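Have a look at target.cif below; it lists mmCIF, C-alpha atoms.
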```cif
data_entry
loop_
_atom_site.group_PDB
_atom_site.id
_atom_site.type_symbol
_atom_site.label_atom_id
_atom_site.label_comp_id
_atom_site.auth_asym_id
_atom_site.auth_seq_id
_atom_site.Cartn_x
_atom_site.Cartn_y
_atom_site.Cartn_z
ATOM 1 C CA GLU A 2 144.305 157.472 127.856
ATOM 2 C CA VAL A 3 145.610 154.038 126.856
ATOM 3 C CA GLN A 4 144.880 154.699 123.182
ATOM 4 C CA ILE A 5 146.619 158.070 123.292
ATOM 5 C CA MET A 6 149.716 156.915 125.148
ATOM 6 C CA SER A 7 150.138 153.756 123.089
ATOM 7 C CA ALA A 8 150.413 155.943 119.974
ATOM 8 C CA PHE A 9 153.332 157.981 121.324
ATOM 9 C CA LYS A 10 156.773 156.878 120.151
ATOM 10 C CA HIS A 11 159.534 159.157 121.411
ATOM 11 C CA SER A 12 162.641 158.712 123.535
ATOM 12 C CA ASN A 13 161.494 161.436 125.954
ATOM 13 C CA ILE A 14 157.916 160.208 126.419
ATOM 14 C CA LEU A 15 157.269 157.433 128.943
ATOM 15 C CA SER A 16 156.468 154.186 127.135
ATOM 16 C CA LEU A 17 153.293 152.275 127.865
ATOM 17 C CA ILE A 18 154.189 148.573 128.055
ATOM 18 C CA GLY A 19 150.704 147.156 128.355
ATOM 19 C CA VAL A 20 147.387 147.097 130.173
ATOM 20 C CA ALA A 21 146.213 144.548 132.721
ATOM 21 C CA LEU A 22 142.439 144.167 132.695
ATOM 22 C CA ARG A 23 140.757 143.655 136.044
ATOM 23 C CA GLU A 24 137.261 142.716 137.115
ATOM 24 C CA PRO A 25 134.350 144.340 135.256
ATOM 25 C CA ASN A 26 133.685 147.979 136.182
ATOM 26 C CA LYS A 27 137.156 148.382 137.662
ATOM 27 C CA SER A 28 139.833 150.575 136.144
ATOM 28 C CA PRO A 29 142.577 148.648 134.305
ATOM 29 C CA TRP A 30 146.174 148.708 135.461
ATOM 30 C CA MET A 31 148.543 150.502 133.093
ATOM 31 C CA VAL A 32 152.083 149.131 132.953
ATOM 32 C CA PHE A 33 154.888 151.577 132.092
ATOM 33 C CA GLU A 34 158.618 151.203 131.620
ATOM 34 C CA PHE A 35 160.615 151.413 134.850
ATOM 35 C CA MET A 36 162.571 154.619 135.500
ATOM 36 C CA THR A 37 165.363 153.996 137.993
ATOM 37 C CA TYR A 38 165.556 157.378 139.728
ATOM 38 C CA GLY A 39 161.875 158.216 139.999
ATOM 39 C CA ASP A 40 160.500 161.699 139.465
ATOM 40 C CA LEU A 41 162.620 164.710 138.566
ATOM 41 C CA THR A 42 161.509 166.807 141.548
ATOM 42 C CA GLU A 43 163.020 164.348 144.008
ATOM 43 C CA LEU A 44 166.265 164.172 142.035
ATOM 44 C CA LEU A 45 166.577 167.968 141.901
ATOM 45 C CA ARG A 46 165.900 168.384 145.615
ATOM 46 C CA SER A 47 168.422 165.697 146.486
ATOM 47 C CA ASN A 48 171.029 167.972 144.896
ATOM 48 C CA SER A 49 170.029 171.051 146.917
ATOM 49 C CA ARG A 50 171.892 172.024 150.078
ATOM 50 C CA PHE A 51 168.518 172.956 151.604
ATOM 51 C CA TRP A 52 167.148 169.424 151.311
ATOM 52 C CA THR A 53 168.091 166.460 153.472
ATOM 53 C CA SER A 54 168.078 163.222 151.513
ATOM 54 C CA SER A 55 169.370 159.791 152.454
ATOM 55 C CA SER A 56 169.137 158.549 148.881
ATOM 56 C CA THR A 57 172.018 157.824 146.533
ATOM 57 C CA LEU A 58 170.585 159.714 143.577
ATOM 58 C CA PRO A 59 173.001 161.049 140.928
ATOM 59 C CA ARG A 60 174.730 164.389 141.428
ATOM 60 C CA LEU A 61 173.765 167.071 138.934
ATOM 61 C CA THR A 62 176.030 169.571 137.166
ATOM 62 C CA LYS A 63 175.250 172.699 135.146
ATOM 63 C CA ASP A 64 175.642 170.622 131.999
ATOM 64 C CA SER A 65 173.218 167.981 133.236
ATOM 65 C CA LEU A 66 170.629 170.643 134.162
ATOM 66 C CA LEU A 67 170.803 171.950 130.597
ATOM 67 C CA ASN A 68 170.609 168.425 129.204
ATOM 68 C CA ILE A 69 167.515 167.704 131.311
ATOM 69 C CA SER A 70 165.924 170.924 130.038
ATOM 70 C CA ILE A 71 166.656 169.924 126.444
ATOM 71 C CA GLN A 72 165.181 166.449 126.868
ATOM 72 C CA ILE A 73 161.911 167.816 128.264
ATOM 73 C CA ALA A 74 161.754 170.375 125.442
ATOM 74 C CA GLU A 75 162.292 167.576 122.908
ATOM 75 C CA GLY A 76 159.455 165.567 124.416
ATOM 76 C CA MET A 77 157.125 168.567 124.444
ATOM 77 C CA ALA A 78 158.074 169.523 120.882
ATOM 78 C CA TYR A 79 157.109 165.989 119.844
ATOM 79 C CA LEU A 80 153.759 166.234 121.665
ATOM 80 C CA ALA A 81 153.163 169.561 119.908
ATOM 81 C CA THR A 82 153.600 167.865 116.513
ATOM 82 C CA GLN A 83 150.929 165.388 117.624
ATOM 83 C CA ARG A 84 148.679 168.323 118.619
ATOM 84 C CA PHE A 85 148.576 166.906 122.134
ATOM 85 C CA VAL A 86 148.213 169.314 125.067
ATOM 86 C CA HIS A 87 149.727 167.909 128.255
ATOM 87 C CA ARG A 88 147.976 170.295 130.725
ATOM 88 C CA ASP A 89 150.045 169.180 133.725
ATOM 89 C CA LEU A 90 153.689 169.619 132.758
ATOM 90 C CA ALA A 91 155.838 169.815 135.896
ATOM 91 C CA CYS A 92 159.007 168.186 137.188
ATOM 92 C CA ARG A 93 156.927 165.807 139.311
ATOM 93 C CA ASN A 94 155.513 164.434 136.039
ATOM 94 C CA CYS A 95 158.937 163.823 134.490
ATOM 95 C CA LEU A 96 160.699 160.569 135.333
ATOM 96 C CA VAL A 97 164.443 159.936 135.302
ATOM 97 C CA GLY A 98 166.180 156.751 134.232
ATOM 98 C CA GLU A 99 169.730 155.509 133.777
ATOM 99 C CA GLY A 100 172.128 157.989 132.215
ATOM 100 C CA LEU A 101 169.826 160.818 133.354
ATOM 101 C CA CYS A 102 167.379 159.980 130.582
ATOM 102 C CA VAL A 103 164.243 162.063 131.233
ATOM 103 C CA LYS A 104 160.769 161.059 130.049
ATOM 104 C CA ILE A 105 157.535 162.995 130.317
ATOM 105 C CA ALA A 106 154.710 161.162 132.043
ATOM 106 C CA ASP A 107 151.228 162.015 133.241
ATOM 107 C CA PHE A 108 149.627 159.796 135.807
ATOM 108 C CA GLY A 109 147.289 160.418 138.720
ATOM 109 C CA MET A 110 149.727 159.083 141.309
ATOM 110 C CA SER A 111 151.542 162.417 141.266
ATOM 111 C CA ARG A 112 148.522 163.983 142.956
ATOM 112 C CA ASP A 113 148.909 161.592 145.858
ATOM 113 C CA VAL A 114 152.614 162.284 146.284
ATOM 114 C CA TYR A 115 152.472 166.060 145.772
ATOM 115 C CA THR A 116 148.966 166.965 146.943
ATOM 116 C CA CYS A 117 150.007 170.500 147.986
ATOM 117 C CA ASP A 118 150.812 171.330 144.337
ATOM 118 C CA TYR A 119 147.125 171.112 143.382
ATOM 119 C CA TYR A 120 144.263 173.457 144.245
ATOM 120 C CA LYS A 121 140.522 173.663 143.577
ATOM 121 C CA ILE A 122 139.303 176.847 141.891
ATOM 122 C CA GLY A 123 135.610 177.542 142.405
ATOM 123 C CA GLY A 124 134.731 173.941 143.173
ATOM 124 C CA SER A 125 136.474 172.576 140.073
ATOM 125 C CA ARG A 126 138.734 169.559 140.076
ATOM 126 C CA LEU A 127 142.205 169.849 141.577
ATOM 127 C CA LEU A 128 144.424 172.013 139.372
ATOM 128 C CA PRO A 129 148.208 172.634 139.379
ATOM 129 C CA VAL A 130 147.808 176.426 139.677
ATOM 130 C CA ARG A 131 151.517 177.157 140.280
ATOM 131 C CA TRP A 132 152.291 175.870 136.775
ATOM 132 C CA MET A 133 149.228 177.316 135.032
ATOM 133 C CA SER A 134 149.013 180.226 132.609
ATOM 134 C CA PRO A 135 146.676 183.172 133.280
ATOM 135 C CA GLU A 136 144.165 181.996 130.661
ATOM 136 C CA SER A 137 144.146 178.496 132.160
ATOM 137 C CA VAL A 138 143.493 179.903 135.639
ATOM 138 C CA THR A 139 140.802 182.325 134.449
ATOM 139 C CA TYR A 140 138.996 180.386 131.726
ATOM 140 C CA GLY A 141 140.153 176.784 132.128
ATOM 141 C CA ARG A 142 141.675 177.052 128.647
ATOM 142 C CA PHE A 143 144.562 174.645 127.965
ATOM 143 C CA THR A 144 146.531 174.913 124.717
ATOM 144 C CA LEU A 145 150.013 174.370 123.327
ATOM 145 C CA GLU A 146 150.719 177.933 124.480
ATOM 146 C CA SER A 147 149.662 177.163 128.053
ATOM 147 C CA ASP A 148 152.021 174.164 127.959
ATOM 148 C CA VAL A 149 154.796 176.605 127.002
ATOM 149 C CA TRP A 150 154.002 178.675 130.107
ATOM 150 C CA SER A 151 154.244 175.510 132.214
ATOM 151 C CA TYR A 152 157.573 174.664 130.597
ATOM 152 C CA GLY A 153 158.902 178.038 131.764
ATOM 153 C CA VAL A 154 157.961 177.045 135.315
ATOM 154 C CA VAL A 155 159.660 173.668 134.775
ATOM 155 C CA LEU A 156 162.844 175.530 133.810
ATOM 156 C CA TRP A 157 162.497 177.507 137.039
ATOM 157 C CA GLU A 158 162.145 174.246 139.003
ATOM 158 C CA ILE A 159 165.213 172.765 137.333
ATOM 159 C CA TYR A 160 167.497 175.743 137.964
ATOM 160 C CA SER A 161 166.221 176.246 141.522
ATOM 161 C CA LEU A 162 166.904 172.547 142.219
ATOM 162 C CA GLY A 163 163.335 171.579 142.944
ATOM 163 C CA LYS A 164 161.931 174.504 144.911
ATOM 164 C CA GLN A 165 158.161 174.849 144.786
ATOM 165 C CA PRO A 166 157.142 177.730 142.495
ATOM 166 C CA TYR A 167 155.925 180.726 144.528
ATOM 167 C CA PHE A 168 157.139 179.025 147.707
ATOM 168 C CA GLY A 169 155.960 180.804 150.858
ATOM 169 C CA HIS A 170 152.576 181.639 149.305
ATOM 170 C CA ASN A 171 149.365 179.664 149.615
ATOM 171 C CA ASN A 172 147.477 178.699 146.481
ATOM 172 C CA GLU A 173 144.972 181.572 146.702
ATOM 173 C CA GLU A 174 147.850 184.059 146.805
ATOM 174 C CA VAL A 175 149.491 182.312 143.857
ATOM 175 C CA VAL A 176 146.329 182.706 141.772
ATOM 176 C CA ARG A 177 146.307 186.453 142.512
ATOM 177 C CA LEU A 178 149.999 186.791 141.667
ATOM 178 C CA ILE A 179 149.548 185.049 138.315
ATOM 179 C CA LEU A 180 146.494 187.108 137.373
ATOM 180 C CA GLN A 181 148.311 190.322 138.358
ATOM 181 C CA GLY A 182 151.143 189.388 136.019
ATOM 182 C CA ILE A 183 153.715 188.987 138.794
ATOM 183 C CA MET A 184 156.332 186.517 137.582
ATOM 184 C CA LEU A 185 158.743 184.283 139.437
ATOM 185 C CA LEU A 186 162.175 185.725 140.163
ATOM 186 C CA THR A 187 164.772 183.754 138.215
ATOM 187 C CA PRO A 188 166.903 181.436 140.401
ATOM 188 C CA ASP A 189 170.360 182.228 141.754
ATOM 189 C CA ASP A 190 173.235 181.761 139.295
ATOM 190 C CA CYS A 191 170.852 181.005 136.449
ATOM 191 C CA PRO A 192 172.418 181.466 132.984
ATOM 192 C CA PRO A 193 171.169 184.682 131.317
ATOM 193 C CA HIS A 194 169.787 182.884 128.273
ATOM 194 C CA ILE A 195 167.764 180.564 130.532
ATOM 195 C CA CYS A 196 166.394 183.592 132.421
ATOM 196 C CA GLU A 197 165.368 185.163 129.137
ATOM 197 C CA LEU A 198 163.856 181.889 127.939
ATOM 198 C CA MET A 199 161.672 181.691 131.056
ATOM 199 C CA ARG A 200 160.421 185.208 130.395
ATOM 200 C CA SER A 201 159.657 184.300 126.779
ATOM 201 C CA CYS A 202 157.467 181.463 128.090
ATOM 202 C CA TRP A 203 155.636 183.774 130.504
ATOM 203 C CA LYS A 204 154.183 186.342 128.122
ATOM 204 C CA MET A 205 150.681 187.259 129.290
ATOM 205 C CA GLU A 206 149.294 186.956 125.752
ATOM 206 C CA PRO A 207 149.460 183.327 124.527
ATOM 207 C CA LYS A 208 150.227 184.405 120.948
ATOM 208 C CA ASP A 209 153.332 186.260 122.150
ATOM 209 C CA ARG A 210 154.929 183.202 123.745
ATOM 210 C CA ILE A 211 157.824 181.306 122.272
ATOM 211 C CA THR A 212 157.112 177.890 120.676
ATOM 212 C CA PHE A 213 158.608 174.530 121.615
ATOM 213 C CA PRO A 214 160.670 174.256 118.391
ATOM 214 C CA GLU A 215 162.102 177.706 119.159
ATOM 215 C CA ILE A 216 162.800 176.691 122.766
ATOM 216 C CA LEU A 217 164.599 173.582 121.575
ATOM 217 C CA ASP A 218 166.696 175.551 119.097
ATOM 218 C CA ILE A 219 167.811 178.027 121.794
ATOM 219 C CA LEU A 220 168.712 175.275 124.260
ATOM 220 C CA GLN A 221 170.602 173.186 121.717
ATOM 221 C CA THR A 222 172.541 176.254 120.592
ATOM 222 C CA SER A 223 173.436 177.101 124.189
ATOM 223 C CA SER A 224 174.563 173.513 124.726
ATOM 224 C CA ALA A 225 177.026 173.903 121.864
ATOM 225 C CA HIS A 226 178.130 177.353 123.087
ATOM 226 C CA PRO A 227 178.048 177.474 126.918
ATOM 227 C CA GLN A 228 177.325 180.852 128.500
ATOM 228 C CA SER A 229 178.128 182.390 131.869
ATOM 229 C CA THR A 230 175.729 182.536 134.808
ATOM 230 C CA LEU A 231 173.893 185.566 136.100
ATOM 231 C CA PRO A 232 173.968 186.034 139.906
ATOM 232 C CA ARG A 233 170.542 186.846 141.331
ATOM 233 C CA PRO A 234 169.358 187.582 144.881
ATOM 234 C CA PRO A 235 167.489 184.784 146.675
ATOM 235 C CA ALA A 236 163.805 184.478 145.759
ATOM 236 C CA PHE A 237 161.886 185.310 148.928
ATOM 237 C CA PRO A 238 158.086 185.454 149.277
ATOM 238 C CA VAL A 239 156.183 188.640 148.548
ATOM 239 C CA THR A 240 152.811 190.030 149.567
ATOM 240 C CA PRO A 241 150.318 190.206 146.671
ATOM 241 C CA GLN A 242 148.710 193.353 148.093
ATOM 242 C CA THR A 243 151.932 195.369 147.713
ATOM 243 C CA VAL A 244 152.369 194.828 143.989
ATOM 244 C CA VAL A 245 154.145 198.120 143.244
ATOM 245 C CA GLU A 246 156.613 197.644 146.090
ATOM 246 C CA VAL A 247 157.644 194.111 145.160
ATOM 247 C CA LEU A 248 158.244 194.448 141.417
ATOM 248 C CA ASP A 249 161.475 195.381 139.736
ATOM 249 C CA ALA A 250 161.732 197.450 136.553
ATOM 250 C CA GLU A 251 160.871 194.426 134.387
ATOM 251 C CA ASN A 252 157.804 193.424 136.441
ATOM 252 C CA TYR A 253 159.490 190.484 138.150
ATOM 253 C CA LEU A 254 159.430 189.689 141.848
ATOM 254 C CA LYS A 255 161.804 191.503 144.184
ATOM 255 C CA PRO A 256 163.082 189.500 147.183
ATOM 256 C CA LEU A 257 161.809 190.182 150.694
ATOM 257 C CA GLN A 258 163.099 188.661 153.929
ATOM 258 C CA PRO A 259 160.723 185.970 155.255
ATOM 259 C CA GLU A 260 161.042 183.323 157.892
ATOM 260 C CA PRO A 261 162.548 180.088 156.486
ATOM 261 C CA LYS A 262 160.025 177.848 154.757
ATOM 262 C CA GLU A 263 160.027 174.042 154.612
ATOM 263 C CA TYR A 264 162.983 172.704 152.651
ATOM 264 C CA LEU A 265 164.426 176.201 152.251
ATOM 265 C CA GLN A 266 165.700 176.202 155.846
ATOM 266 C CA THR A 267 169.449 176.575 156.205
ATOM 267 C CA LEU A 268 171.081 173.408 157.454
ATOM 268 C CA PRO A 269 173.487 173.579 160.436
ATOM 269 C CA ASP A 270 177.237 173.496 159.748
#
```
Would you encode the structure as C-alpha cells?
Amino acid sequence: EVQIMSAFKHSNILSLIGVALREPNKSPWMVFEFMTYGDLTELLRSNSRFWTSSSTLPRLTKDSLLNISIQIAEGMAYLATQRFVHRDLACRNCLVGEGLCVKIADFGMSRDVYTCDYYKIGGSRLLPVRWMSPESVTYGRFTLESDVWSYGVVLWEIYSLGKQPYFGHNNEEVVRLILQGIMLLTPDDCPPHICELMRSCWKMEPKDRITFPEILDILQTSSAHPQSTLPRPPAFPVTPQTVVEVLDAENYLKPLQPEPKEYLQTLPD
C-alpha cells in the first residue's frame, strides 16, 4: 500500500508524507497530509436540515456540490490512467481541506467510523455493499467499471447531502435490491444532467457504463453552462418483495411512506 500510494501524484489524491516504522512484526504508521474538514460525509450531513451538527464546517452551495463532484471525478480519472481500481469509493473515503479541496483516500479507519456501511457476504471480509456494482456483489469482481458504479452512488450521496444509500433497508435487503436491478431514486432538486449521469454509471452491464473521462467532460461542461434542477419526490424506503409495485417506468425506485429513520427525522420548528 505504501509503494502504491507513494507513486500517486495528483491534486485530488491524498498525499502520503511518510512512514514511521515501529517494532518488528508491527504494522508501520502511515503519515498523510492533514485535511482540515475531515471526511466528505460529515461535511455533507452538516449542511442537511435533517442533521444536527455543532461543528463550524463550511456551508455548501449548488456550485460547490458540482465542484466537489468534479474534483472526485478528476481524481478517479487519474487513478484510471494508472490502471488502479479503488474498490471502496465513497464520500467517507474522500477528505476535505481548505478551499473545499477534495482528495480521495482509502484507509481502514473509515471502517471504524462507519461500521454500518460494511457487510459480510457469505463469510467474506466486510464489504461496502451499498456502493458496490452487481458483478462485485455476485462475483467479487472489482474493475474500473465497478468504480464507475460506485462514483454514481457518490454523486447520489453528494446531492442528497450525505444520506446513506438505500437508507431504511438493512444490508441483506440492499443486496437483493442491487441484484434485482432496482436503482436509487435521484435526490430532491437534483439537476437533470446529474440524474442522467448517475443512471449512466448504474448500467447493469459493465461495458455499457460511462467512463471517468466522459464523466469529467460532462461535469466540466455543466460547470461552464449551469442547468436547472429537477424536483423529485422524497426517496422513501421500499420493500424488495414488491418489485413491480415500487418501480417507475424507468425501473427506478418509487417513494413509499415509512417511519422516519435516523438522521432523516424532521427537526422541530
Expansion of the PyMOL selection byres ((chain A and resi 107) around 12) into residues, as a ChimeraX atom specification: /A:2-3,5-6,14-17,31,33,40,86-96,104-106,108-112
Mind giving me the axis-aligned box for stretch 210-229 of chain A with 8 Å on every side, centre plus edges in Å to one decimal, as JSON?
```
{"center_x": 166.5, "center_y": 178.2, "center_z": 125.1, "size_x": 39.2, "size_y": 26.0, "size_z": 29.5}
```
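Across the structure, atom CA of A:Ile159 and atom CA of A:Gly100 are spaced 17.1 Å apart.
The interatomic distance for the pair atom CA of A:Pro214 and atom CA of A:Pro166 works out to 24.6 Å.
In terms of minimum interatomic distance to A:Gly76, A:Ser12 ranks closest within A:Ser12, A:Gln181, A:Thr222, A:Ser161, counting only C-alpha atoms.
The space between atom CA of A:Leu80 and atom CA of A:Tyr160 spans 23.3 Å.
Shortest atom-to-atom contact with A:Leu41 among A:Val103, A:Ile216, A:Leu186, A:Ile211: A:Val103, counting all atoms listed in the file.
Restricting the calculation to all atoms listed in the file, the smallest distance between A:Lys204 and any of A:Val175, A:Ala225, A:Leu67, A:Val149 is found for A:Val149.
Candidate residues A:Ser28, A:Ser134, A:Thr144, A:Ser224 were compared for distance to A:Gly182, and the nearest is A:Ser134, using all atoms listed in the file.
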Nearest candidate to A:Lys164 (options A:Tyr152, A:Arg46, A:Arg60, A:Asn13; using all atoms listed in the file): A:Arg46
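Closest approach to A:Ser65 among A:Leu45, A:Gly153, A:Trp203, A:Pro135 is made by A:Leu45 (distances from all atoms listed in the file).
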Shell of 10 Å around stretch 130-132 of chain A, all atoms listed in the file, local chain residues under 2 positions omitted, as a ChimeraX atom specification: /A:88-91,118-122,127-128,134-135,137-138,147-148,150-155,165-168,171-173,175-176,178-179
Using all atoms listed in the file, what residues lie at most 10 Å away from (168.9, 167.7, 129.7) (file coordinates), given as a short mmCIF file (atom, residue, chain, number, x, y, z; two decimals) with C-alpha atoms, keeping the file's coordinate frame?
```cif
data_model
loop_
_atom_site.label_atom_id
_atom_site.label_comp_id
_atom_site.auth_asym_id
_atom_site.auth_seq_id
_atom_site.Cartn_x
_atom_site.Cartn_y
_atom_site.Cartn_z
CA LYS A 63 175.25 172.70 135.15
CA ASP A 64 175.64 170.62 132.00
CA SER A 65 173.22 167.98 133.24
CA LEU A 66 170.63 170.64 134.16
CA LEU A 67 170.80 171.95 130.60
CA ASN A 68 170.61 168.42 129.20
CA ILE A 69 167.52 167.70 131.31
CA SER A 70 165.92 170.92 130.04
CA ILE A 71 166.66 169.92 126.44
CA GLN A 72 165.18 166.45 126.87
CA ILE A 73 161.91 167.82 128.26
CA ALA A 74 161.75 170.38 125.44
CA GLU A 75 162.29 167.58 122.91
CA LEU A 101 169.83 160.82 133.35
CA CYS A 102 167.38 159.98 130.58
CA VAL A 103 164.24 162.06 131.23
CA ILE A 159 165.21 172.76 137.33
CA LEU A 220 168.71 175.28 124.26
CA GLN A 221 170.60 173.19 121.72
CA SER A 224 174.56 173.51 124.73
#
```
